[in-house]
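Content type PDB, C-alpha atoms, from the file work_6.pdb:
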ATOM      1  CA  ARG A 686     -21.076 -19.053 -33.072  1.00  0.00           C
ATOM      2  CA  LYS A 687     -19.164 -22.030 -31.740  1.00  0.00           C
ATOM      3  CA  ASP A 688     -16.201 -21.028 -29.607  1.00  0.00           C
ATOM      4  CA  ARG A 689     -12.868 -22.715 -30.169  1.00  0.00           C
ATOM      5  CA  GLU A 690     -12.285 -25.787 -28.059  1.00  0.00           C
ATOM      6  CA  LEU A 691      -9.178 -25.967 -25.914  1.00  0.00           C
ATOM      7  CA  GLY A 692      -8.414 -29.526 -26.969  1.00  0.00           C
ATOM      8  CA  VAL A 693      -7.414 -30.576 -23.451  1.00  0.00           C
ATOM      9  CA  PRO A 694      -8.557 -33.389 -21.160  1.00  0.00           C
ATOM     10  CA  GLY A 695     -11.496 -32.370 -18.994  1.00  0.00           C
ATOM     11  CA  GLU A 696     -12.737 -29.430 -21.055  1.00  0.00           C
ATOM     12  CA  GLN A 697     -16.249 -30.921 -21.063  1.00  0.00           C
ATOM     13  CA  THR A 698     -16.380 -30.731 -17.249  1.00  0.00           C
ATOM     14  CA  PRO A 699     -19.353 -28.737 -15.928  1.00  0.00           C
ATOM     15  CA  GLY A 700     -18.096 -25.245 -15.161  1.00  0.00           C
ATOM     16  CA  VAL A 701     -16.026 -24.892 -18.343  1.00  0.00           C
ATOM     17  CA  LEU A 702     -17.968 -22.438 -20.472  1.00  0.00           C
ATOM     18  CA  ALA A 703     -17.421 -20.819 -23.839  1.00  0.00           C
ATOM     19  CA  GLY A 704     -17.546 -17.028 -23.726  1.00  0.00           C
ATOM     20  CA  PRO A 705     -20.594 -16.766 -26.025  1.00  0.00           C
ATOM     21  CA  ASP A 706     -22.493 -19.240 -23.827  1.00  0.00           C
ATOM     22  CA  PHE A 707     -21.736 -17.251 -20.672  1.00  0.00           C
ATOM     23  CA  VAL A 708     -22.769 -14.012 -22.394  1.00  0.00           C
ATOM     24  CA  GLY A 709     -25.977 -15.630 -23.652  1.00  0.00           C
ATOM     25  CA  TRP A 710     -26.770 -16.919 -20.164  1.00  0.00           C
ATOM     26  CA  TYR A 711     -26.381 -13.579 -18.391  1.00  0.00           C
ATOM     27  CA  ASN A 712     -28.298 -11.808 -21.157  1.00  0.00           C
ATOM     28  CA  GLY A 713     -31.217 -14.226 -20.706  1.00  0.00           C
ATOM     29  CA  ALA A 714     -31.045 -15.881 -24.138  1.00  0.00           C
ATOM     30  CA  PRO A 715     -33.820 -18.504 -24.278  1.00  0.00           C
ATOM     31  CA  GLN A 716     -31.511 -21.404 -25.180  1.00  0.00           C
ATOM     32  CA  PHE A 717     -29.746 -21.095 -21.777  1.00  0.00           C
ATOM     33  CA  ALA A 718     -31.589 -22.271 -18.680  1.00  0.00           C
ATOM     34  CA  ALA A 719     -31.480 -19.825 -15.784  1.00  0.00           C
ATOM     35  CA  ASP A 720     -29.757 -22.430 -13.595  1.00  0.00           C
ATOM     36  CA  SER A 721     -27.275 -23.584 -16.245  1.00  0.00           C
ATOM     37  CA  VAL A 722     -24.416 -21.542 -14.732  1.00  0.00           C
ATOM     38  CA  GLN A 723     -23.169 -21.696 -11.172  1.00  0.00           C
ATOM     39  CA  ILE A 724     -20.236 -19.478 -10.270  1.00  0.00           C
ATOM     40  CA  ARG A 725     -18.178 -21.309  -7.652  1.00  0.00           C
ATOM     41  CA  GLY A 726     -14.853 -20.623  -6.004  1.00  0.00           C
ATOM     42  CA  ASP A 727     -12.836 -17.536  -5.297  1.00  0.00           C
ATOM     43  CA  ARG A 728     -10.875 -17.622  -8.563  1.00  0.00           C
ATOM     44  CA  VAL A 729     -12.093 -17.781 -12.163  1.00  0.00           C
ATOM     45  CA  VAL A 730      -9.727 -18.406 -15.064  1.00  0.00           C
ATOM     46  CA  ILE A 731     -10.643 -17.043 -18.489  1.00  0.00           C
ATOM     47  CA  VAL A 732      -8.677 -18.097 -21.557  1.00  0.00           C
ATOM     48  CA  GLY A 733      -8.240 -14.963 -23.624  1.00  0.00           C
ATOM     49  CA  ASN A 734      -7.440 -11.307 -23.184  1.00  0.00           C
ATOM     50  CA  GLY A 735      -9.771  -9.512 -25.568  1.00  0.00           C
ATOM     51  CA  ASN A 736     -12.756  -7.282 -24.929  1.00  0.00           C
ATOM     52  CA  VAL A 737     -15.155 -10.153 -24.167  1.00  0.00           C
ATOM     53  CA  ALA A 738     -12.711 -11.591 -21.616  1.00  0.00           C
ATOM     54  CA  LEU A 739     -12.439  -8.174 -19.936  1.00  0.00           C
ATOM     55  CA  ASP A 740     -16.241  -7.776 -19.931  1.00  0.00           C
ATOM     56  CA  LEU A 741     -16.607 -11.152 -18.229  1.00  0.00           C
ATOM     57  CA  ALA A 742     -13.901 -10.281 -15.698  1.00  0.00           C
ATOM     58  CA  ARG A 743     -15.616  -6.973 -14.954  1.00  0.00           C
ATOM     59  CA  LEU A 744     -18.929  -8.721 -14.281  1.00  0.00           C
ATOM     60  CA  LEU A 745     -17.346 -11.412 -12.108  1.00  0.00           C
ATOM     61  CA  LEU A 746     -15.547  -8.802 -10.001  1.00  0.00           C
ATOM     62  CA  SER A 747     -18.355  -6.221  -9.855  1.00  0.00           C
ATOM     63  CA  ASP A 748     -20.545  -5.495  -6.885  1.00  0.00           C
ATOM     64  CA  ALA A 749     -23.882  -7.283  -7.380  1.00  0.00           C
ATOM     65  CA  GLY A 750     -25.715  -4.099  -6.340  1.00  0.00           C
ATOM     66  CA  GLU A 751     -24.240  -2.334  -9.355  1.00  0.00           C
ATOM     67  CA  LEU A 752     -25.300  -5.161 -11.640  1.00  0.00           C
ATOM     68  CA  ALA A 753     -28.860  -4.969 -10.288  1.00  0.00           C
ATOM     69  CA  ARG A 754     -29.144  -1.522 -11.887  1.00  0.00           C
ATOM     70  CA  THR A 755     -28.544  -2.990 -15.354  1.00  0.00           C
ATOM     71  CA  ASP A 756     -30.886  -4.825 -17.702  1.00  0.00           C
ATOM     72  CA  MET A 757     -29.031  -8.093 -17.077  1.00  0.00           C
ATOM     73  CA  ALA A 758     -31.244 -11.160 -16.580  1.00  0.00           C
ATOM     74  CA  ASP A 759     -32.478 -11.470 -12.987  1.00  0.00           C
ATOM     75  CA  HIS A 760     -31.218 -15.052 -12.682  1.00  0.00           C
ATOM     76  CA  ALA A 761     -27.709 -13.878 -13.585  1.00  0.00           C
ATOM     77  CA  ILE A 762     -27.795 -10.994 -11.101  1.00  0.00           C
ATOM     78  CA  GLY A 763     -28.822 -13.496  -8.431  1.00  0.00           C
ATOM     79  CA  GLU A 764     -25.966 -15.826  -9.327  1.00  0.00           C
ATOM     80  CA  PHE A 765     -23.419 -12.988  -9.358  1.00  0.00           C
ATOM     81  CA  ALA A 766     -24.740 -11.886  -5.940  1.00  0.00           C
ATOM     82  CA  LYS A 767     -24.037 -15.376  -4.520  1.00  0.00           C
ATOM     83  CA  ALA A 768     -20.601 -15.642  -6.149  1.00  0.00           C
ATOM     84  CA  GLN A 769     -17.482 -15.288  -4.030  1.00  0.00           C
ATOM     85  CA  VAL A 770     -15.045 -14.460  -6.853  1.00  0.00           C
ATOM     86  CA  ARG A 771     -12.051 -12.458  -5.602  1.00  0.00           C
ATOM     87  CA  GLU A 772      -9.703 -13.008  -8.522  1.00  0.00           C
ATOM     88  CA  VAL A 773     -10.070 -13.377 -12.264  1.00  0.00           C
ATOM     89  CA  VAL A 774      -7.047 -14.569 -14.228  1.00  0.00           C
ATOM     90  CA  LEU A 775      -6.934 -13.833 -17.943  1.00  0.00           C
ATOM     91  CA  LEU A 776      -4.663 -16.395 -19.601  1.00  0.00           C
ATOM     92  CA  GLY A 777      -3.036 -15.232 -22.803  1.00  0.00           C
ATOM     93  CA  ARG A 778      -1.525 -17.955 -24.945  1.00  0.00           C
ATOM     94  CA  ARG A 779       0.843 -15.415 -26.443  1.00  0.00           C
ATOM     95  CA  GLY A 780       2.649 -12.461 -24.917  1.00  0.00           C
ATOM     96  CA  PRO A 781       1.334  -9.022 -23.971  1.00  0.00           C
ATOM     97  CA  ASP A 782       2.238  -7.703 -27.418  1.00  0.00           C
ATOM     98  CA  ALA A 783      -0.655  -9.835 -28.732  1.00  0.00           C
ATOM     99  CA  ALA A 784      -3.222  -8.599 -26.177  1.00  0.00           C
ATOM    100  CA  ALA A 785      -6.491  -8.028 -28.002  1.00  0.00           C
ATOM    101  CA  PHE A 786      -8.469  -5.635 -25.783  1.00  0.00           C
ATOM    102  CA  THR A 787      -9.099  -1.960 -26.415  1.00  0.00           C
ATOM    103  CA  ARG A 788      -7.959   0.699 -23.953  1.00  0.00           C
ATOM    104  CA  PRO A 789     -11.487   1.730 -22.868  1.00  0.00           C
ATOM    105  CA  GLU A 790     -12.315  -1.857 -21.868  1.00  0.00           C
ATOM    106  CA  LEU A 791      -9.496  -1.940 -19.338  1.00  0.00           C
ATOM    107  CA  LEU A 792      -9.906   1.644 -18.196  1.00  0.00           C
ATOM    108  CA  THR A 793     -13.555   1.061 -17.243  1.00  0.00           C
ATOM    109  CA  MET A 794     -12.759  -1.642 -14.682  1.00  0.00           C
ATOM    110  CA  PRO A 795     -14.692  -0.808 -11.478  1.00  0.00           C
ATOM    111  CA  ALA A 796     -12.921   0.996  -8.657  1.00  0.00           C
ATOM    112  CA  GLY A 797     -11.422  -1.181  -5.951  1.00  0.00           C
ATOM    113  CA  ILE A 798     -10.133  -3.884  -8.258  1.00  0.00           C
ATOM    114  CA  ASP A 799      -6.374  -4.342  -8.380  1.00  0.00           C
ATOM    115  CA  VAL A 800      -5.268  -4.897 -11.973  1.00  0.00           C
ATOM    116  CA  VAL A 801      -1.866  -6.567 -12.272  1.00  0.00           C
ATOM    117  CA  VAL A 802       0.343  -8.523 -14.663  1.00  0.00           C
ATOM    118  CA  ALA A 803       1.871 -11.879 -13.712  1.00  0.00           C
ATOM    119  CA  ARG A 804       5.632 -11.554 -13.691  1.00  0.00           C
ATOM    120  CA  ASP A 805       7.910 -13.645 -15.902  1.00  0.00           C
ATOM    121  CA  GLU A 806      10.995 -12.776 -17.963  1.00  0.00           C
ATOM    122  CA  LYS A 807       9.319 -13.018 -21.365  1.00  0.00           C
ATOM    123  CA  THR A 808       6.405 -10.796 -20.312  1.00  0.00           C
ATOM    124  CA  GLU A 809       8.713  -8.212 -18.722  1.00  0.00           C
ATOM    125  CA  ALA A 810      10.837  -8.060 -21.887  1.00  0.00           C
ATOM    126  CA  GLN A 811       7.800  -7.557 -24.124  1.00  0.00           C
ATOM    127  CA  LEU A 812       6.343  -4.893 -21.829  1.00  0.00           C
ATOM    128  CA  ALA A 813       9.656  -3.028 -21.875  1.00  0.00           C
ATOM    129  CA  THR A 814       9.452  -2.718 -25.664  1.00  0.00           C
ATOM    130  CA  ALA A 815       5.705  -2.144 -26.021  1.00  0.00           C
ATOM    131  CA  GLU A 816       4.486  -0.227 -29.069  1.00  0.00           C
ATOM    132  CA  PRO A 817       3.037   3.217 -28.346  1.00  0.00           C
ATOM    133  CA  ASP A 818      -0.760   3.326 -27.920  1.00  0.00           C
ATOM    134  CA  SER A 819      -0.997  -0.462 -27.780  1.00  0.00           C
ATOM    135  CA  PRO A 820      -2.620  -2.645 -25.121  1.00  0.00           C
ATOM    136  CA  ALA A 821       0.911  -3.756 -24.153  1.00  0.00           C
ATOM    137  CA  GLU A 822       1.881  -0.144 -23.451  1.00  0.00           C
ATOM    138  CA  LEU A 823      -1.085   0.149 -21.082  1.00  0.00           C
ATOM    139  CA  LEU A 824      -0.186  -3.187 -19.473  1.00  0.00           C
ATOM    140  CA  ALA A 825       3.369  -1.898 -18.933  1.00  0.00           C
ATOM    141  CA  THR A 826       1.960   0.692 -16.512  1.00  0.00           C
ATOM    142  CA  LEU A 827       0.484  -2.014 -14.260  1.00  0.00           C
ATOM    143  CA  PRO A 828       2.248  -3.628 -11.304  1.00  0.00           C
ATOM    144  CA  LEU A 829       4.079  -6.894 -11.955  1.00  0.00           C
ATOM    145  CA  VAL A 830       3.326  -9.590  -9.377  1.00  0.00           C
ATOM    146  CA  ASP A 831       4.290 -13.166  -8.686  1.00  0.00           C
ATOM    147  CA  ALA A 832       0.973 -14.909  -9.343  1.00  0.00           C
ATOM    148  CA  ASP A 833       0.756 -18.442  -7.983  1.00  0.00           C
ATOM    149  CA  LEU A 834      -2.482 -20.167  -8.970  1.00  0.00           C
ATOM    150  CA  ALA A 835      -1.782 -22.966  -6.498  1.00  0.00           C
ATOM    151  CA  VAL A 836      -2.524 -20.713  -3.510  1.00  0.00           C
ATOM    152  CA  ALA A 837      -5.665 -18.821  -2.561  1.00  0.00           C
ATOM    153  CA  PRO A 838      -6.053 -15.344  -4.028  1.00  0.00           C
ATOM    154  CA  PRO A 839      -5.057 -12.411  -1.841  1.00  0.00           C
ATOM    155  CA  ALA A 840      -7.663 -10.379   0.024  1.00  0.00           C
ATOM    156  CA  GLY A 841      -9.667  -7.928  -2.033  1.00  0.00           C
ATOM    157  CA  ARG A 842     -10.574  -8.204  -5.694  1.00  0.00           C
ATOM    158  CA  ARG A 843      -7.956  -8.625  -8.386  1.00  0.00           C
ATOM    159  CA  LEU A 844      -7.657  -9.012 -12.148  1.00  0.00           C
ATOM    160  CA  VAL A 845      -4.479 -10.773 -13.266  1.00  0.00           C
ATOM    161  CA  PHE A 846      -3.153 -10.805 -16.820  1.00  0.00           C
ATOM    162  CA  ALA A 847      -1.018 -13.945 -17.231  1.00  0.00           C
ATOM    163  CA  PHE A 848       0.736 -14.275 -20.590  1.00  0.00           C
ATOM    164  CA  SER A 849       2.461 -17.128 -22.436  1.00  0.00           C
ATOM    165  CA  ARG A 850       0.321 -19.646 -20.579  1.00  0.00           C
ATOM    166  CA  THR A 851      -2.342 -22.110 -21.587  1.00  0.00           C
ATOM    167  CA  VAL A 852      -4.579 -24.651 -19.911  1.00  0.00           C
ATOM    168  CA  SER A 853      -3.295 -28.193 -20.366  1.00  0.00           C
ATOM    169  CA  GLU A 854      -5.914 -30.055 -18.310  1.00  0.00           C
ATOM    170  CA  VAL A 855      -9.142 -29.440 -16.417  1.00  0.00           C
ATOM    171  CA  PHE A 856      -9.766 -31.470 -13.248  1.00  0.00           C
ATOM    172  CA  GLY A 857     -13.072 -32.498 -11.698  1.00  0.00           C
ATOM    173  CA  ALA A 858     -16.022 -34.759 -12.414  1.00  0.00           C
ATOM    174  CA  GLU A 859     -19.229 -33.016 -11.330  1.00  0.00           C
ATOM    175  CA  GLN A 860     -17.639 -29.550 -11.501  1.00  0.00           C
ATOM    176  CA  VAL A 861     -14.251 -28.001 -12.125  1.00  0.00           C
ATOM    177  CA  THR A 862     -11.985 -28.476  -9.117  1.00  0.00           C
ATOM    178  CA  GLY A 863      -8.784 -27.174 -10.682  1.00  0.00           C
ATOM    179  CA  ILE A 864      -6.784 -26.695 -13.825  1.00  0.00           C
ATOM    180  CA  GLU A 865      -3.223 -27.289 -14.897  1.00  0.00           C
ATOM    181  CA  VAL A 866      -1.582 -24.394 -16.655  1.00  0.00           C
ATOM    182  CA  VAL A 867       1.481 -24.741 -18.858  1.00  0.00           C
ATOM    183  CA  GLY A 868       3.822 -21.884 -18.109  1.00  0.00           C
ATOM    184  CA  ARG A 869       4.928 -20.398 -14.799  1.00  0.00           C
ATOM    185  CA  ALA A 870       1.520 -20.600 -13.107  1.00  0.00           C
ATOM    186  CA  ARG A 871       0.149 -23.879 -11.797  1.00  0.00           C
ATOM    187  CA  ARG A 872      -3.228 -25.132 -10.732  1.00  0.00           C
TER     188      ARG A 872
END
I need this file expressed as structure tokens, please.
Amino acid sequence: RKDRELGVPGEQTPGVLAGPDFVGWYNGAPQFAADSVQIRGDRVVIVGNGNVALDLARLLLSDAGELARTDMADHAIGEFAKAQVREVVLLGRRGPDAAAFTRPELLTMPAGIDVVVARDEKTEAQLATAEPDSPAELLATLPLVDADLAVAPPAGRRLVFAFSRTVSEVFGAEQVTGIEVVGRARR
């Protein structure tokens, strides 16, 4: 399946990956070379907030020792072990009322990972009126934080839901060096 393109300058930069390609790589699919993915930096931004996005965030924030006990491809376990990811930001183009994950996906996030929602007026208003038993209702129980993508992530490991935001440009030549986000957050 071909993932949707972002339609922004720089999206072909090495380091921008479609979810199915990343999943294929860590599962050892033969069409993906073992060295085709390098996880660099202390922050990873994922466009989307569905179950696949949460699975990817979980892997990026998990302890490599835990991943070694799975049937994940050895090359992927090695890459995750080298990674220094402290924060994963899930960008939702729409508000929290359109979040597409299921409750179990969020509730199985490993211990020791702070799960927060980026604060802005629109998000706070939608969380205040969340439908019962919806992802937004679960998100409403999480701390709201001021998330500034222009500064280094805080100590520890953190998953940030950032709504009503989208990538407008990807920077870098040989690898991604930054992104511009339309909304409250910036590169």
#### Entry: Residue neighbourhood A:Thr787, 7 Å, all atoms listed in the file, exclusion window fewer than 2 positions, as a count of residues only
5
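Excluding A:Val701 itself and same-chain residues fewer than 6 positions from it, the residues having an atom within 9 Å of it are Gly695, Val855, Gln860 and Val861 of chain A, counting only C-alpha atoms.
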(Q) Quick check on the file I pasted: which residues fall under the PyMOL selection byres ((chain A and resi 852) around 6)? Write them as an MDAnalysis selection string. (A) chainID A and resid 851 853:854 865:866
Once you have the residues from the selection above, write them out as a PDB file, in the frame of the given file, restricted to C-alpha atoms.
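What landed in again-v6.pdb:
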ATOM      1  CA  THR A 851      -2.342 -22.110 -21.587  1.00  0.00           C
ATOM      2  CA  SER A 853      -3.295 -28.193 -20.366  1.00  0.00           C
ATOM      3  CA  GLU A 854      -5.914 -30.055 -18.310  1.00  0.00           C
ATOM      4  CA  GLU A 865      -3.223 -27.289 -14.897  1.00  0.00           C
ATOM      5  CA  VAL A 866      -1.582 -24.394 -16.655  1.00  0.00           C
TER       6      VAL A 866
END
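Selecting by distance to (3.1, -14.8, -10.3) with a limit of 10 Å and using only C-alpha atoms, one obtains Val801, Val802, Ala803, Arg804, Asp805, Leu829, Val830, Asp831, Ala832, Asp833, Leu834, Val845, Phe846, Ala847, Arg869, Ala870 and Arg871 of chain A.
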With C-alpha atoms retained, could you export that selection as a PDB file, in the frame of the given file?
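As a result, result.pdb now contains:
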ATOM      1  CA  VAL A 801      -1.866  -6.567 -12.272  1.00  0.00           C
ATOM      2  CA  VAL A 802       0.343  -8.523 -14.663  1.00  0.00           C
ATOM      3  CA  ALA A 803       1.871 -11.879 -13.712  1.00  0.00           C
ATOM      4  CA  ARG A 804       5.632 -11.554 -13.691  1.00  0.00           C
ATOM      5  CA  ASP A 805       7.910 -13.645 -15.902  1.00  0.00           C
ATOM      6  CA  LEU A 829       4.079  -6.894 -11.955  1.00  0.00           C
ATOM      7  CA  VAL A 830       3.326  -9.590  -9.377  1.00  0.00           C
ATOM      8  CA  ASP A 831       4.290 -13.166  -8.686  1.00  0.00           C
ATOM      9  CA  ALA A 832       0.973 -14.909  -9.343  1.00  0.00           C
ATOM     10  CA  ASP A 833       0.756 -18.442  -7.983  1.00  0.00           C
ATOM     11  CA  LEU A 834      -2.482 -20.167  -8.970  1.00  0.00           C
ATOM     12  CA  VAL A 845      -4.479 -10.773 -13.266  1.00  0.00           C
ATOM     13  CA  PHE A 846      -3.153 -10.805 -16.820  1.00  0.00           C
ATOM     14  CA  ALA A 847      -1.018 -13.945 -17.231  1.00  0.00           C
ATOM     15  CA  ARG A 869       4.928 -20.398 -14.799  1.00  0.00           C
ATOM     16  CA  ALA A 870       1.520 -20.600 -13.107  1.00  0.00           C
ATOM     17  CA  ARG A 871       0.149 -23.879 -11.797  1.00  0.00           C
TER      18      ARG A 871
END
Practice prompt. State, in Å with one decimal place, the distance from atom CA of A:Asp706 to atom CA of A:Val722.
Written response: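 Atom-to-atom, atom CA of A:Asp706 to atom CA of A:Val722, that is 9.6 Å.
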Can I get the residues of stretch 764-802 of chain A within 7 Å of stretch 723-731 of chain A, each with the closest pair of atoms and their distance in Å to one decimal, using only C-alpha atoms, sorted chain first then ascending number, as JSON lines?
{"residue": "A:Glu764", "atom": "CA", "partner": "A:Gln723", "partner_atom": "CA", "distance": 6.8}
{"residue": "A:Ala768", "atom": "CA", "partner": "A:Ile724", "partner_atom": "CA", "distance": 5.6}
{"residue": "A:Gln769", "atom": "CA", "partner": "A:Asp727", "partner_atom": "CA", "distance": 5.3}
{"residue": "A:Val770", "atom": "CA", "partner": "A:Asp727", "partner_atom": "CA", "distance": 4.1}
{"residue": "A:Arg771", "atom": "CA", "partner": "A:Asp727", "partner_atom": "CA", "distance": 5.1}
{"residue": "A:Glu772", "atom": "CA", "partner": "A:Arg728", "partner_atom": "CA", "distance": 4.8}
{"residue": "A:Val773", "atom": "CA", "partner": "A:Val729", "partner_atom": "CA", "distance": 4.8}
{"residue": "A:Val774", "atom": "CA", "partner": "A:Val730", "partner_atom": "CA", "distance": 4.8}
{"residue": "A:Leu775", "atom": "CA", "partner": "A:Ile731", "partner_atom": "CA", "distance": 4.9}
{"residue": "A:Leu776", "atom": "CA", "partner": "A:Ile731", "partner_atom": "CA", "distance": 6.1}
Review point. Mind pulling up the distance from atom CA of A:Glu696 to atom CA of A:Thr862?
Key: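 Atom CA of A:Glu696 lies 12.0 Å from atom CA of A:Thr862.
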Worksheet item: How far is it from atom CA of A:Ala753 to atom CA of A:Arg843, in Å with one decimal?
Response: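 Between atom CA of A:Ala753 and atom CA of A:Arg843 the gap is 21.3 Å.
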Margin query: Show me the residues around (-24.5, -13.9, -8.7) - criterion: an atom at most 12 Å away, all atoms listed in the file counted - as a ChimeraX atom specification.
Written below: /A:711,719-720,722-725,744-753,757-770
**Request:** Return as a ChimeraX atom specification the set of residues that the PyMOL selection byres ((chain A and resi 849) around 6) yields on the displayed structure.
**Result:** /A:777-780,848,850
| query | Can you tell me, as a PyMOL selection string, what residues are no more than 10 Å from A:Ala858 when counting only C-alpha atoms, ignoring any on the same chain fewer than 6 positions away? | reply | chain A and resi 695+697-699
Judged by all atoms listed in the file, the minimum distance to A:Gly704 among A:Gly841, A:Gly735, A:Gly868, A:Pro828 is found for A:Gly735
Take stretch 770-781 of chain A, bring it up to N, CA and C atoms, and give me the output as an mmCIF file, in the frame of the given file.
data_model
loop_
_atom_site.group_PDB
_atom_site.id
_atom_site.type_symbol
_atom_site.label_atom_id
_atom_site.label_comp_id
_atom_site.auth_asym_id
_atom_site.auth_seq_id
_atom_site.Cartn_x
_atom_site.Cartn_y
_atom_site.Cartn_z
ATOM 1 N N VAL A 770 -16.244 -14.639 -6.029
ATOM 2 C CA VAL A 770 -15.045 -14.460 -6.853
ATOM 3 C C VAL A 770 -14.243 -13.265 -6.340
ATOM 4 N N ARG A 771 -12.970 -13.524 -6.021
ATOM 5 C CA ARG A 771 -12.051 -12.458 -5.602
ATOM 6 C C ARG A 771 -10.986 -12.188 -6.654
ATOM 7 N N GLU A 772 -10.760 -13.174 -7.527
ATOM 8 C CA GLU A 772 -9.703 -13.008 -8.522
ATOM 9 C C GLU A 772 -10.132 -13.614 -9.847
ATOM 10 N N VAL A 773 -9.882 -12.867 -10.920
ATOM 11 C CA VAL A 773 -10.070 -13.377 -12.264
ATOM 12 C C VAL A 773 -8.709 -13.329 -12.945
ATOM 13 N N VAL A 774 -8.321 -14.460 -13.517
ATOM 14 C CA VAL A 774 -7.047 -14.569 -14.228
ATOM 15 C C VAL A 774 -7.357 -14.692 -15.711
ATOM 16 N N LEU A 775 -6.801 -13.781 -16.492
ATOM 17 C CA LEU A 775 -6.934 -13.833 -17.943
ATOM 18 C C LEU A 775 -5.670 -14.477 -18.505
ATOM 19 N N LEU A 776 -5.804 -15.684 -19.030
ATOM 20 C CA LEU A 776 -4.663 -16.395 -19.601
ATOM 21 C C LEU A 776 -4.514 -16.029 -21.063
ATOM 22 N N GLY A 777 -3.356 -15.518 -21.409
ATOM 23 C CA GLY A 777 -3.036 -15.232 -22.803
ATOM 24 C C GLY A 777 -2.065 -16.270 -23.314
ATOM 25 N N ARG A 778 -2.408 -16.928 -24.387
ATOM 26 C CA ARG A 778 -1.525 -17.955 -24.945
ATOM 27 C C ARG A 778 -0.240 -17.351 -25.489
ATOM 28 N N ARG A 779 -0.343 -16.117 -25.949
ATOM 29 C CA ARG A 779 0.843 -15.415 -26.443
ATOM 30 C C ARG A 779 1.214 -14.323 -25.450
ATOM 31 N N GLY A 780 2.166 -13.503 -25.815
ATOM 32 C CA GLY A 780 2.649 -12.461 -24.917
ATOM 33 C C GLY A 780 1.780 -11.220 -24.914
ATOM 34 N N PRO A 781 2.124 -10.242 -24.081
ATOM 35 C CA PRO A 781 1.334 -9.022 -23.971
ATOM 36 C C PRO A 781 1.296 -8.208 -25.259
#
